[in-house]
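Undergrad: Structure below; questions to follow.
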Amino acid sequence: MAEANTATGNPPRPVNRSSGRPDNLRLLLNNKLATAGLAIFALIVLTALAAPLLPLPDPDVTAPADRLFRPLSEGHLLGTDALGRDILSRLIWGTRVSLAVGISATLIAAFFGSLIGLVAGYAGGRVDTFLMRGIDMVMAFPYILLALAIVAVLGPGLLNALYAIAVVNIPFFARNIRGIALGLSRREFVDAARLSGESNAQILFIEVLPNVLPVIIITMSTTVGWMILETAGLSFLGLGAQPPQADLGSMLGDGRKILFTAPHVSIIPGLMIFALVMSINLLGDGVRDVLDPRLKSGALTRPLARTAVIRDIAPGDIEPSPGAVLDVRGLKTEFRFGGEVFKAVGGVDMRVGRGECLGIVGESGSGKTVAAMSIMGLVPTPPGRIAGGVALLEGEDLFAVSDERIRQLRGSAVSHVFQDPLSTLHPLFTVGDQLIEAIQSHRSMPKSRATERAVELLNLVRIPNPAERLKSYPHELSGGMRQRVCIAMALADDARIIIADEPTTALDVTVQAQVLALLDKLRRERDVGILFITHDFGVVSAICDRVAVMYAGQFVETGATGEILKSPAHPYTAKLIDCVPVLGQPERRLDAIEGRPPVVNNLPIGCAFAERCPRAQDDCRAAPIPLTEFGQGRAVRCIHPILMEAGHG
Amino acid sequence: MADAALLSIEKAERVFGGGRNLFGRARPAVHAVQDVSIEVRRGETLGIVGESGCGKSTLARMIVGLDAPTAGRIVFDGRDLVAEAGRDLRRLSREVQYVFQDPVASLNPRKTIRTILEAPLIHLLGLDKQARAARLSELMDAVNLAPEFLDRYPHEFSGGQAQRIGIARALAADPKLIVLDEPVSALDVSVQAQVLNILDGLKHKFGLTYVFISHDLSVVESVSDRVAVMYFGRIVEVGPGRSVFRHPRHPYTHLLLQSAPAPGRRSLVSDDATAELPDPYNPPPGCAFHARCPRGTDLCNARLPRLEAVSGDESHQAACFHPHERR
C-alpha cells in the first residue's frame with residue numbers, strides 16, 4: 001500500500017477557499033446598492049434604538065394649541081400633528097415599534113414555517129400532503145382578509161396584529177424550505193447518516209437543518225420589509241397599534257383625514273416606511289446574492305460571448321503546417337481570480353489534419369478542456385483570457401478575426417460535441433426543431449428543405465426511423481440516441497473540425513462502443529478532423545490516430561497512438577497507462593501515482609511532474625523542460641525519458 | 001469457512017410504482033429487480049456488473065436496508081436482518097455498510113470529518129469520548145489519511161481523499177460486509193488505483209466481505225472473486241470471475257466484453273443503434289436481451305430462460321437457451 005501514502009507522508013496543502021474567494025461581508029460590501037441599503041437600515045435602527053436617549057419630547061403628550069405646525073417650525077423639526085404631538089418624536093418611537101413588530105413577526109413566521117417545511121420535505125408522502133394542503137388553505141385566503149379575521153377574533157392590538165402577520169407569512173417560509181428540504185433529503189449524505197445509525201429527528205436537525213439555514217436567512221431578509229409594510233397596513237386600518245401609541249401605519253392613518261390641508265402629517269411617515277422597506281429590500285437582495293448557493297458559482301457575472309484575447313506580442317504571419325486544417329501554436333489560456341493567475345494552458349501546439357483524429361488525454365484539472373474551448377473562444381471571460389498563441393483554421397487566425405466571423409464559424413466549420421447530451425439539448429424543443437435550427441442558422445433554406453436535411457443527418461448517424469424521431473423530445477431518447485443527435489447537429493453544416501469533449505464518458509459501455517465506431521466511420525467518410533478529449537486510454541485506442549498527453553497545462557508527450565501505448569517515453573504517460581486495470585489481466589498489480597498534480601497558480605520552474613516522478617533528478621527541477629523530438633513524429637517533454645530499449649511491460 | 005454464505009438473497013424483487021390510483025385504475029409498475037437469487041460467501045468479493053438501468057444500485061440499496069424488497073428475502077448470517085431493518089436499521093448497519101459512488105455528495109458539506117466519522121461510533125456502537133478518539137485515529141490510519149484532516153470540511157478534500165473518508169465511515173462500525181456502489185467511477189484514473197489498493201488492503205486486514213458494484217468491467221475483473229452480470233433487473237450470468245471473463249456464456253456478457261475499450265485495441269462493434277433496453281413498462285415475455293441478441297430464436301421470445309449451470313460446471317451459471325460454447 002506504499003502507493004497510497006500521499007496523505008500521511010506529505011500532507012498536501014488543503015484547498016483554501018477563503019483566499020481564493022473573499023469572505024461574505026466583503027462580497028456584500030462590493031455590492032453598492034446593498035451597501036447603501038445597509039447604511040440606511042443601520043442608521044434607522046440605531047436612531048430607533050437610541051430613542052430613549054435622544055432629547056425628544058414625549059410622543060404621546062397632546063398640545064392642542066400647537067396643532068399642525070409645519071416642518072422646520074420652532075421646537076418641532078418635523079412639525080406637529082392634529083393633536084399637537086411632535087412628529088419627529090412620534091416618527092422615531094413609531095419606527096421602533098414597527099421594526100420590533102416586523103422583526104418579531106418574521107422570527108415567529110420563520111420558526112414555524114421552517115419547521116413545517118422541514119418536516120414536510122423530509123417526511124414526504126402523507127405527512128407532506130397533509131401539511132402542505134394545510135399551508136395551501138392558509139394561502140388561499142387573501143392575506144389581508146385572513147389577518148383581519150385573526151385580529152377580529154383576538155381583538156385589535158399590536159400584539160394580535162403581530163400574530164396575524166406571522167400566521168399569514170408562515171406559508172412563504174414553509175413552501176420555500178420544503179422545496180430545499182425535499183431536495184436535500186434525497187441526497188447521499190442523508191442516506192449515509194441513516195446508515196450511521198442516526199434517527200429521523202437527528203438527521204432532520206443535525207444533517208438537514210444546517211444546510212437549509214442560509215435559505216431561511218435569505219427568506220427572512222427578503223420578507224422583513226414586507227412584514228413591516230403589513231404591520232403598517234393593519235395599523236392604518238386601526239387594527240394594530242392603538243392610540244395614543246405611535247407606529248408608522250397608525251401615523252399614516254391619522255394623517256389620512258387631513259391629507260390635503262396638512263400633507264406633511266402623512267407624507268413623513270410614508271417616506272419613513274419607504275426608506276425603511278427599500279433599504280431592507282436592497283440589503284436583503286445583497287444578502288441573497290452572497291449566500292445563495294445557486295448564485296455562488298458566478299451566475300451573477302455575465303461572461304462575454306467570446307474569450308478575451310490579450311496577447312503580449314501579436315504573432316507575425318505564420319505559415320500553417322501543410323495538410324493541417326486546424327493548427328494551434330503556443331496556446332496559453334489563463335484565469336484570473338483576485339490577484340492570482342491560474343495558468344490553465346501553458347503553451348500547447350495542436351495540429352489536426354483532414355479526417356484525422358487527435359486525442360488529448362489527461363486527468364481532471366490538466367487543462368485539456370480549457371485548451372479545446374479556447375480555440376473557438378468559449379472560455380468564459382471574465383475570468384478567463386487567452387494570453388498567447390495562434391489558432392489557425394485553414395490559415396485564418398481565429399484569435400484575430402471579428403466576433404461576427406467567429407459566430408459564423410461556430411457550429412459550421414468547427415463544431416462541438418459535449419459530454420452530457422441531456423444538458424446540451426434544449427428540453428422544451430423537439431430534436432427536429434433543434435436540428436432544423438442548427439441547419440438554418442448557417443444557411444438560409446426553406447423549412448421543408450431543412451427538414452429533409454435533418455432526416456438525412458439522422459440517417460447519417462444511424463438513428464432508425466429518422467422521420468418519426470424528429471418529433472421526439474430529448475428526454476424521450478436514450479443517452480446513446482441523444483449523443484447521436486448531438487453528433488448530427490455537429491455535422492449540420494459541413495464541419496471540418498469536431499471538438500469532442502469526453503463525448504462517450506456518460507454512456508454505457510455497449511453504447512460507447514457504438515458511438516465511437518460511428519464517429520470513427522463519419523470522420524473517414526466525411527473527411528472531418530476530430531479533436532477528441534478523454535481520460536481513458538482505452539477510448540483513445542479505439543478512435544485516435546495520434547495522442548497528446550496533457551499534464552498541468554502542457555503536453556508532456558505526443559505521438560502516434562500505437563507507439564505511445566506500446567512504449568511510453570514520459571514517466572507520467574507510463575504511470576497513467578499502468579494505473580488502470582486492463583481487461584483480461586486481472587492479476588496485474590495496479591500502480592498508483594503518488595501525490596497530486598501541482599496547482600496551476602503555483603507551477604514549479606522545472607518539470608511539473610518531478611515531485612511525483614520516480615526518475616526525477618536534480619536537473620529536472622532546475623529549468624523548464626522543452627518538448628523535444630523523440631523519434632519519428634514523436635515528442636516528449638522529459639530529459640530522462642524511458643528509452644525504447646528498456647521496453648515497457 | 002470460505003463456503004459459508006454470509007449473505008443470501010432469495011428471489012428478491014423490487015417493484016416501483018404499481019398499485020391503484022384514486023379511481024381504481026392500475027398504476028404502471030416497473031420491476032427494477034426481479035427474481036434475483038445469489039449468495040455472498042464469507043471473505044469473498046462479489047462483483048456485480050451491468051449498465052445503467054439494470055437494477056444493480058437498487059439491489060445494493062436493498063442489501064444495506066435503505067430500500068426494502070417487495071418480494072423475496074435477504075438473509076444475513078442466518079437472520080432475516082433486512083426484514084428487521086424496516087423497524088431498526090441500526091442492527092443491520094452494525095453488520096453491513098455502504099460506500100457511495102459520489103464521495104463528495106455523500107459527506108455533509110457543513111460537518112467536519114470528525115463529526116461525520118463519529119456519527120456511527122456514537123449511534124451504532126455507543127462509544128464514549130475516549131474510545132471514539134482512539135477509534136478515529138485507527139480509522140484515519142487504516143485509510144492512510146493524516147489525523148489533522150479530522151477538523152476540516154469535505155470541500156477541502158480531493159475526490160480520492162473524500163472517498164477514503166467514505167470508506168473510513170463504512171469501516172467505523174466494524175461491519176462484516178461492505179457494499180461498494182461504483183466506489184471509483186467518480187475518481188480520476190490515477191486516484192482509482194490508490195483507492196482500489198486501499199480497499200484490497202483493508203479486506204485482508206479486517207477480514208471483510210465485499211459486494212463490488214460497477215459498470216467498469218476491467219475494475220470488476222481486477223477485484224472480484226466471483227462476478228454476476230445483470231441485465232434489465234435480472235442476473236443473466238454468474239460465476240467465478242476468471243471463468244466469466246475468459247469464457248463468457250451469455251451473449252450479453254459477450255457483447256459487454258467486446259465493447260469495453262482497452263488500450264491497444266480497436267473496437268469490433270458495429271455502429272448501429274441497437275442498444276435500446278426493452279420498455280420497462282411493457283417488458284417482453286421472454287429474454288429481455290432477445291432484441292439485441294445475435295443468437296436469439298423464437299424460443300427466447302416466448303419463454304424466459306432460467307439461470308442454470310452451463311456444460312456441467314455448477315459454479316458458472318447463465319440464463320440463456322443458446323449460450324456460447326467454451327472457447
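Each chain in the C-alpha cells gets a letter, A, B and so on, in the order shown; residues start at 1 in every chain, and ligands are counted from 1 in the order they appear.
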Dump as a PDB file with N, CA and C atoms, in the first residue's frame the residues of chain A that approach chain B to within 7 Å, counting only C-alpha atoms.
TA:
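Heads up, here's the output in out38.pdb:
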ATOM      1  N   MET A   1       0.814  -1.208   0.000  1.00  0.00           N
ATOM      2  CA  MET A   1       0.000   0.000   0.000  1.00  0.00           C
ATOM      3  C   MET A   1       0.851   1.262   0.000  1.00  0.00           C
ATOM      4  N   GLU A   3       1.781   2.890  -2.279  1.00  0.00           N
ATOM      5  CA  GLU A   3       1.378   3.868  -3.291  1.00  0.00           C
ATOM      6  C   GLU A   3       0.455   4.932  -2.708  1.00  0.00           C
ATOM      7  N   ALA A   4      -0.229   4.563  -1.645  1.00  0.00           N
ATOM      8  CA  ALA A   4      -1.312   5.434  -1.211  1.00  0.00           C
ATOM      9  C   ALA A   4      -0.944   6.322  -0.032  1.00  0.00           C
ATOM     10  N   ASN A   5       0.348   6.474   0.212  1.00  0.00           N
ATOM     11  CA  ASN A   5       0.710   7.211   1.414  1.00  0.00           C
ATOM     12  C   ASN A   5       0.814   8.713   1.172  1.00  0.00           C
ATOM     13  N   ALA A   7      -1.107  11.012   1.930  1.00  0.00           N
ATOM     14  CA  ALA A   7      -1.586  11.883   2.985  1.00  0.00           C
ATOM     15  C   ALA A   7      -0.705  11.843   4.213  1.00  0.00           C
ATOM     16  N   THR A   8      -0.295  10.630   4.621  1.00  0.00           N
ATOM     17  CA  THR A   8       0.467  10.535   5.849  1.00  0.00           C
ATOM     18  C   THR A   8       1.871  11.098   5.683  1.00  0.00           C
ATOM     19  N   PRO A  11       1.401  15.721   3.863  1.00  0.00           N
ATOM     20  CA  PRO A  11       0.029  16.218   3.743  1.00  0.00           C
ATOM     21  C   PRO A  11      -0.053  17.316   2.683  1.00  0.00           C
ATOM     22  N   PRO A  14      -4.216  21.977   1.901  1.00  0.00           N
ATOM     23  CA  PRO A  14      -5.655  21.948   1.722  1.00  0.00           C
ATOM     24  C   PRO A  14      -6.052  23.057   0.761  1.00  0.00           C
ATOM     25  N   VAL A  15      -7.146  22.817   0.057  1.00  0.00           N
ATOM     26  CA  VAL A  15      -7.631  23.859  -0.835  1.00  0.00           C
ATOM     27  C   VAL A  15      -8.185  24.958   0.053  1.00  0.00           C
ATOM     28  N   GLU A 188     -27.195  11.944  -0.974  1.00  0.00           N
ATOM     29  CA  GLU A 188     -26.496  10.763  -0.463  1.00  0.00           C
ATOM     30  C   GLU A 188     -26.063  10.916   0.983  1.00  0.00           C
ATOM     31  N   PHE A 189     -25.740  12.151   1.403  1.00  0.00           N
ATOM     32  CA  PHE A 189     -25.248  12.246   2.775  1.00  0.00           C
ATOM     33  C   PHE A 189     -26.348  11.966   3.792  1.00  0.00           C
ATOM     34  N   ALA A 192     -26.286   8.300   4.044  1.00  0.00           N
ATOM     35  CA  ALA A 192     -25.096   7.933   4.806  1.00  0.00           C
ATOM     36  C   ALA A 192     -25.347   8.127   6.296  1.00  0.00           C
ATOM     37  N   LEU A 195     -27.381   5.323   7.593  1.00  0.00           N
ATOM     38  CA  LEU A 195     -26.579   4.109   7.793  1.00  0.00           C
ATOM     39  C   LEU A 195     -25.624   4.269   8.970  1.00  0.00           C
ATOM     40  N   SER A 196     -25.364   5.527   9.387  1.00  0.00           N
ATOM     41  CA  SER A 196     -24.526   5.728  10.566  1.00  0.00           C
ATOM     42  C   SER A 196     -25.351   5.606  11.837  1.00  0.00           C
ATOM     43  N   GLY A 197     -26.625   5.264  11.694  1.00  0.00           N
ATOM     44  CA  GLY A 197     -27.449   4.992  12.859  1.00  0.00           C
ATOM     45  C   GLY A 197     -28.203   6.185  13.400  1.00  0.00           C
ATOM     46  N   GLU A 198     -28.245   7.281  12.671  1.00  0.00           N
ATOM     47  CA  GLU A 198     -28.969   8.435  13.193  1.00  0.00           C
ATOM     48  C   GLU A 198     -30.475   8.252  13.003  1.00  0.00           C
ATOM     49  N   GLU A 207     -28.377  17.061  10.314  1.00  0.00           N
ATOM     50  CA  GLU A 207     -27.813  17.000   8.964  1.00  0.00           C
ATOM     51  C   GLU A 207     -28.486  17.988   8.003  1.00  0.00           C
ATOM     52  N   PRO A 210     -28.694  22.468   9.083  1.00  0.00           N
ATOM     53  CA  PRO A 210     -27.584  23.394   8.788  1.00  0.00           C
ATOM     54  C   PRO A 210     -27.477  23.751   7.316  1.00  0.00           C
ATOM     55  N   ASN A 211     -27.918  22.837   6.450  1.00  0.00           N
ATOM     56  CA  ASN A 211     -27.845  23.133   5.024  1.00  0.00           C
ATOM     57  C   ASN A 211     -28.987  24.024   4.559  1.00  0.00           C
ATOM     58  N   GLU A 363      -5.838  14.004 -16.837  1.00  0.00           N
ATOM     59  CA  GLU A 363      -6.747  13.861 -15.712  1.00  0.00           C
ATOM     60  C   GLU A 363      -7.525  15.153 -15.535  1.00  0.00           C
ATOM     61  N   SER A 364      -8.500  15.153 -14.623  1.00  0.00           N
ATOM     62  CA  SER A 364      -9.260  16.378 -14.433  1.00  0.00           C
ATOM     63  C   SER A 364      -8.325  17.456 -13.899  1.00  0.00           C
ATOM     64  N   ARG A 462     -27.157   6.932 -38.100  1.00  0.00           N
ATOM     65  CA  ARG A 462     -27.747   5.612 -37.919  1.00  0.00           C
ATOM     66  C   ARG A 462     -28.848   5.592 -36.865  1.00  0.00           C
ATOM     67  N   ILE A 463     -29.692   6.621 -36.873  1.00  0.00           N
ATOM     68  CA  ILE A 463     -30.851   6.571 -35.990  1.00  0.00           C
ATOM     69  C   ILE A 463     -31.995   5.948 -36.771  1.00  0.00           C
ATOM     70  N   ASP A 508     -23.184   4.156 -21.533  1.00  0.00           N
ATOM     71  CA  ASP A 508     -22.904   2.773 -21.163  1.00  0.00           C
ATOM     72  C   ASP A 508     -21.848   2.174 -22.089  1.00  0.00           C
ATOM     73  N   VAL A 509     -21.209   1.119 -21.604  1.00  0.00           N
ATOM     74  CA  VAL A 509     -20.097   0.533 -22.362  1.00  0.00           C
ATOM     75  C   VAL A 509     -20.506   0.117 -23.772  1.00  0.00           C
ATOM     76  N   THR A 510     -21.635  -0.573 -23.879  1.00  0.00           N
ATOM     77  CA  THR A 510     -22.004  -1.067 -25.210  1.00  0.00           C
ATOM     78  C   THR A 510     -22.374   0.096 -26.125  1.00  0.00           C
ATOM     79  N   VAL A 511     -23.016   1.127 -25.546  1.00  0.00           N
ATOM     80  CA  VAL A 511     -23.386   2.293 -26.340  1.00  0.00           C
ATOM     81  C   VAL A 511     -22.141   3.089 -26.708  1.00  0.00           C
ATOM     82  N   ALA A 513     -19.198   1.969 -27.248  1.00  0.00           N
ATOM     83  CA  ALA A 513     -18.513   1.317 -28.360  1.00  0.00           C
ATOM     84  C   ALA A 513     -19.166   1.679 -29.684  1.00  0.00           C
ATOM     85  N   GLN A 514     -20.498   1.717 -29.699  1.00  0.00           N
ATOM     86  CA  GLN A 514     -21.192   2.057 -30.945  1.00  0.00           C
ATOM     87  C   GLN A 514     -20.944   3.507 -31.363  1.00  0.00           C
ATOM     88  N   VAL A 515     -21.010   4.413 -30.388  1.00  0.00           N
ATOM     89  CA  VAL A 515     -20.829   5.830 -30.725  1.00  0.00           C
ATOM     90  C   VAL A 515     -19.403   6.070 -31.210  1.00  0.00           C
ATOM     91  N   ALA A 517     -17.556   3.875 -32.743  1.00  0.00           N
ATOM     92  CA  ALA A 517     -17.481   3.306 -34.096  1.00  0.00           C
ATOM     93  C   ALA A 517     -18.105   4.273 -35.097  1.00  0.00           C
ATOM     94  N   LEU A 518     -19.213   4.899 -34.680  1.00  0.00           N
ATOM     95  CA  LEU A 518     -19.897   5.848 -35.561  1.00  0.00           C
ATOM     96  C   LEU A 518     -18.997   7.051 -35.872  1.00  0.00           C
ATOM     97  N   PHE A 537      -7.392   5.746 -21.884  1.00  0.00           N
ATOM     98  CA  PHE A 537      -6.530   5.262 -22.964  1.00  0.00           C
ATOM     99  C   PHE A 537      -7.218   4.204 -23.815  1.00  0.00           C
ATOM    100  N   GLY A 538      -8.180   3.497 -23.206  1.00  0.00           N
ATOM    101  CA  GLY A 538      -8.929   2.514 -23.982  1.00  0.00           C
ATOM    102  C   GLY A 538      -9.715   3.180 -25.091  1.00  0.00           C
ATOM    103  N   VAL A 539     -10.358   4.294 -24.757  1.00  0.00           N
ATOM    104  CA  VAL A 539     -11.135   5.042 -25.749  1.00  0.00           C
ATOM    105  C   VAL A 539     -10.205   5.621 -26.811  1.00  0.00           C
ATOM    106  N   SER A 541      -7.418   4.379 -27.897  1.00  0.00           N
ATOM    107  CA  SER A 541      -7.014   3.352 -28.871  1.00  0.00           C
ATOM    108  C   SER A 541      -8.127   3.053 -29.845  1.00  0.00           C
ATOM    109  N   ALA A 542      -9.376   3.245 -29.411  1.00  0.00           N
ATOM    110  CA  ALA A 542     -10.491   2.895 -30.292  1.00  0.00           C
ATOM    111  C   ALA A 542     -10.614   3.864 -31.453  1.00  0.00           C
ATOM    112  N   GLY A 562      -0.531   4.063 -31.248  1.00  0.00           N
ATOM    113  CA  GLY A 562       0.017   2.723 -31.045  1.00  0.00           C
ATOM    114  C   GLY A 562       1.382   2.756 -30.380  1.00  0.00           C
ATOM    115  N   LEU A 565       1.288   3.876 -26.679  1.00  0.00           N
ATOM    116  CA  LEU A 565       0.754   2.839 -25.799  1.00  0.00           C
ATOM    117  C   LEU A 565       1.763   1.707 -25.626  1.00  0.00           C
ATOM    118  N   LEU A 576       0.310   6.627 -16.107  1.00  0.00           N
ATOM    119  CA  LEU A 576      -1.114   6.771 -16.393  1.00  0.00           C
ATOM    120  C   LEU A 576      -1.658   5.506 -17.055  1.00  0.00           C
ATOM    121  N   CYS A 579      -1.791   2.598 -14.237  1.00  0.00           N
ATOM    122  CA  CYS A 579      -2.644   2.648 -13.057  1.00  0.00           C
ATOM    123  C   CYS A 579      -4.064   2.202 -13.356  1.00  0.00           C
ATOM    124  N   VAL A 580      -4.350   1.845 -14.601  1.00  0.00           N
ATOM    125  CA  VAL A 580      -5.712   1.433 -14.945  1.00  0.00           C
ATOM    126  C   VAL A 580      -5.749  -0.080 -15.115  1.00  0.00           C
ATOM    127  N   PRO A 581      -6.737  -0.729 -14.513  1.00  0.00           N
ATOM    128  CA  PRO A 581      -6.834  -2.177 -14.730  1.00  0.00           C
ATOM    129  C   PRO A 581      -7.171  -2.467 -16.194  1.00  0.00           C
ATOM    130  N   VAL A 582      -6.611  -3.507 -16.736  1.00  0.00           N
ATOM    131  CA  VAL A 582      -6.832  -3.846 -18.142  1.00  0.00           C
ATOM    132  C   VAL A 582      -7.606  -5.146 -18.211  1.00  0.00           C
ATOM    133  N   LEU A 583      -8.619  -5.155 -19.038  1.00  0.00           N
ATOM    134  CA  LEU A 583      -9.455  -6.325 -19.196  1.00  0.00           C
ATOM    135  C   LEU A 583      -8.600  -7.502 -19.641  1.00  0.00           C
ATOM    136  N   PRO A 586      -6.369  -9.622 -14.871  1.00  0.00           N
ATOM    137  CA  PRO A 586      -6.810  -9.300 -13.512  1.00  0.00           C
ATOM    138  C   PRO A 586      -5.692  -9.376 -12.478  1.00  0.00           C
ATOM    139  N   GLU A 587      -4.633 -10.103 -12.767  1.00  0.00           N
ATOM    140  CA  GLU A 587      -3.592 -10.270 -11.751  1.00  0.00           C
ATOM    141  C   GLU A 587      -2.637  -9.090 -11.714  1.00  0.00           C
ATOM    142  N   LEU A 590      -1.935  -2.906  -9.705  1.00  0.00           N
ATOM    143  CA  LEU A 590      -2.190  -1.527 -10.095  1.00  0.00           C
ATOM    144  C   LEU A 590      -1.142  -0.630  -9.480  1.00  0.00           C
ATOM    145  N   ASP A 591      -0.614   0.228 -10.300  1.00  0.00           N
ATOM    146  CA  ASP A 591       0.474   1.081  -9.862  1.00  0.00           C
ATOM    147  C   ASP A 591      -0.046   2.511  -9.741  1.00  0.00           C
ATOM    148  N   ALA A 592      -0.419   2.901  -8.531  1.00  0.00           N
ATOM    149  CA  ALA A 592      -0.992   4.236  -8.362  1.00  0.00           C
ATOM    150  C   ALA A 592       0.095   5.295  -8.492  1.00  0.00           C
ATOM    151  N   ILE A 593      -0.316   6.514  -8.891  1.00  0.00           N
ATOM    152  CA  ILE A 593       0.638   7.616  -8.959  1.00  0.00           C
ATOM    153  C   ILE A 593       0.605   8.341  -7.629  1.00  0.00           C
TER     154      ILE A 593
END
Undergrad: With a distance cut-off of 12 Å and only C-alpha atoms, select the neighbouring residues of Cys300 of chain B, excluding the residue or stretch itself and same-chain residues fewer than 3 positions from it, and output the selection as JSON, numbers by chain.
TA: {"B": [284, 285, 286, 287, 288, 289, 290, 291, 292, 293, 294, 295, 296, 297, 303, 304, 305, 306, 319, 320, 321, 322, 323]}
Undergrad: Could you take the residues named above and write them with N, CA, C and O atoms, as a compact mmCIF listing (two decimals), in the first residue's frame?
TA:
# COMPACT_ATOMS: atom_id res chain seq x y z
N PRO B 284 -40.86 -7.65 -22.38
CA PRO B 284 -41.16 -8.79 -23.25
C PRO B 284 -41.39 -10.05 -22.40
O PRO B 284 -40.87 -10.13 -21.29
N PRO B 285 -42.16 -11.00 -22.94
CA PRO B 285 -42.42 -12.22 -22.16
C PRO B 285 -41.17 -13.08 -21.99
O PRO B 285 -41.00 -13.76 -20.98
N GLY B 286 -40.30 -13.05 -22.99
CA GLY B 286 -39.13 -13.92 -22.93
C GLY B 286 -37.90 -13.19 -22.45
O GLY B 286 -37.98 -12.34 -21.57
N CYS B 287 -36.78 -13.53 -23.05
CA CYS B 287 -35.49 -12.95 -22.65
C CYS B 287 -35.45 -11.46 -23.04
O CYS B 287 -35.78 -11.09 -24.16
N ALA B 288 -35.04 -10.63 -22.09
CA ALA B 288 -35.03 -9.18 -22.34
C ALA B 288 -33.97 -8.79 -23.36
O ALA B 288 -34.04 -7.74 -23.98
N PHE B 289 -32.97 -9.64 -23.54
CA PHE B 289 -31.86 -9.32 -24.44
C PHE B 289 -32.16 -9.77 -25.87
O PHE B 289 -31.39 -9.47 -26.78
N HIS B 290 -33.30 -10.42 -26.04
CA HIS B 290 -33.60 -11.03 -27.33
C HIS B 290 -33.45 -10.06 -28.51
O HIS B 290 -32.86 -10.40 -29.54
N ALA B 291 -33.97 -8.83 -28.35
CA ALA B 291 -33.98 -7.88 -29.48
C ALA B 291 -32.56 -7.55 -29.95
O ALA B 291 -32.36 -7.20 -31.10
N ARG B 292 -31.59 -7.64 -29.05
CA ARG B 292 -30.22 -7.27 -29.43
C ARG B 292 -29.35 -8.49 -29.70
O ARG B 292 -28.18 -8.35 -30.01
N CYS B 293 -29.92 -9.67 -29.49
CA CYS B 293 -29.07 -10.87 -29.43
C CYS B 293 -28.87 -11.48 -30.82
O CYS B 293 -29.83 -11.72 -31.54
N PRO B 294 -27.63 -11.73 -31.18
CA PRO B 294 -27.38 -12.35 -32.49
C PRO B 294 -27.76 -13.83 -32.51
O PRO B 294 -27.93 -14.40 -33.57
N ARG B 295 -27.91 -14.46 -31.35
CA ARG B 295 -28.18 -15.90 -31.29
C ARG B 295 -29.64 -16.21 -31.00
O ARG B 295 -29.99 -17.37 -30.81
N GLY B 296 -30.46 -15.16 -30.90
CA GLY B 296 -31.84 -15.37 -30.45
C GLY B 296 -32.67 -16.19 -31.41
O GLY B 296 -32.48 -16.16 -32.62
N THR B 297 -33.62 -16.96 -30.87
CA THR B 297 -34.58 -17.72 -31.68
C THR B 297 -35.98 -17.42 -31.15
O THR B 297 -36.15 -16.67 -30.19
N ARG B 303 -40.26 -17.73 -24.08
CA ARG B 303 -40.07 -18.16 -22.69
C ARG B 303 -38.85 -17.51 -22.07
O ARG B 303 -37.90 -17.14 -22.75
N LEU B 304 -38.92 -17.38 -20.75
CA LEU B 304 -37.83 -16.75 -20.03
C LEU B 304 -36.80 -17.82 -19.66
O LEU B 304 -37.14 -18.82 -19.02
N PRO B 305 -35.55 -17.65 -20.08
CA PRO B 305 -34.55 -18.66 -19.72
C PRO B 305 -34.23 -18.58 -18.23
O PRO B 305 -34.19 -17.50 -17.65
N ARG B 306 -34.02 -19.74 -17.61
CA ARG B 306 -33.67 -19.75 -16.19
C ARG B 306 -32.16 -19.75 -16.02
O ARG B 306 -31.43 -20.22 -16.89
N ALA B 319 -28.27 -17.50 -17.83
CA ALA B 319 -29.69 -17.58 -18.16
C ALA B 319 -29.84 -17.41 -19.65
O ALA B 319 -30.12 -16.32 -20.14
N CYS B 320 -29.60 -18.50 -20.39
CA CYS B 320 -29.65 -18.40 -21.85
C CYS B 320 -29.96 -19.77 -22.44
O CYS B 320 -29.47 -20.78 -21.96
N PHE B 321 -30.84 -19.78 -23.46
CA PHE B 321 -31.14 -21.05 -24.14
C PHE B 321 -30.03 -21.45 -25.09
O PHE B 321 -29.86 -22.61 -25.40
N HIS B 322 -29.31 -20.45 -25.59
CA HIS B 322 -28.27 -20.75 -26.59
C HIS B 322 -26.94 -20.15 -26.16
O HIS B 322 -26.45 -19.21 -26.80
N PRO B 323 -26.38 -20.62 -25.05
CA PRO B 323 -25.15 -19.98 -24.56
C PRO B 323 -23.98 -20.22 -25.51
O PRO B 323 -23.99 -21.18 -26.29
Undergrad: Provide the atom CA of Ala506 of chain A to atom CA of Glu594 of chain A distance in Å, to one decimal place.
TA: 27.2 Å
Undergrad: Need to verify the contact set: segment 122-128 of chain A, 12 Å, only C-alpha atoms, exclusion of same-chain residues closer than 2 positions in sequence. Can you return it as a PyMOL selection string?
TA: chain A and resi 114-120+130-136+174-175+177-187+190+200-205+207-209+212
Undergrad: Name all residues at most 6 Å from segment 246-257 of chain A (count only C-alpha atoms; drop same-chain ones fewer than 6 positions away) and give them as a PDB file with C-alpha atoms, in the first residue's frame.
TA:
ATOM      1  CA  ARG A  90     -43.564  60.033  17.126  1.00  0.00           C
ATOM      2  CA  GLY A  94     -43.138  54.663  15.847  1.00  0.00           C
ATOM      3  CA  VAL A  97     -42.488  49.831  17.263  1.00  0.00           C
ATOM      4  CA  SER A  98     -42.797  48.972  13.567  1.00  0.00           C
ATOM      5  CA  ALA A 232     -48.318  49.370   8.817  1.00  0.00           C
ATOM      6  CA  GLY A 233     -51.317  48.262   6.783  1.00  0.00           C
ATOM      7  CA  SER A 235     -52.317  49.784  11.942  1.00  0.00           C
ATOM      8  CA  PHE A 236     -53.535  52.066   9.185  1.00  0.00           C
ATOM      9  CA  VAL A 265     -48.524  64.544   8.680  1.00  0.00           C
ATOM     10  CA  SER A 266     -48.922  61.575   6.337  1.00  0.00           C
ATOM     11  CA  PRO A 269     -44.307  58.505   7.978  1.00  0.00           C
TER      12      PRO A 269
END
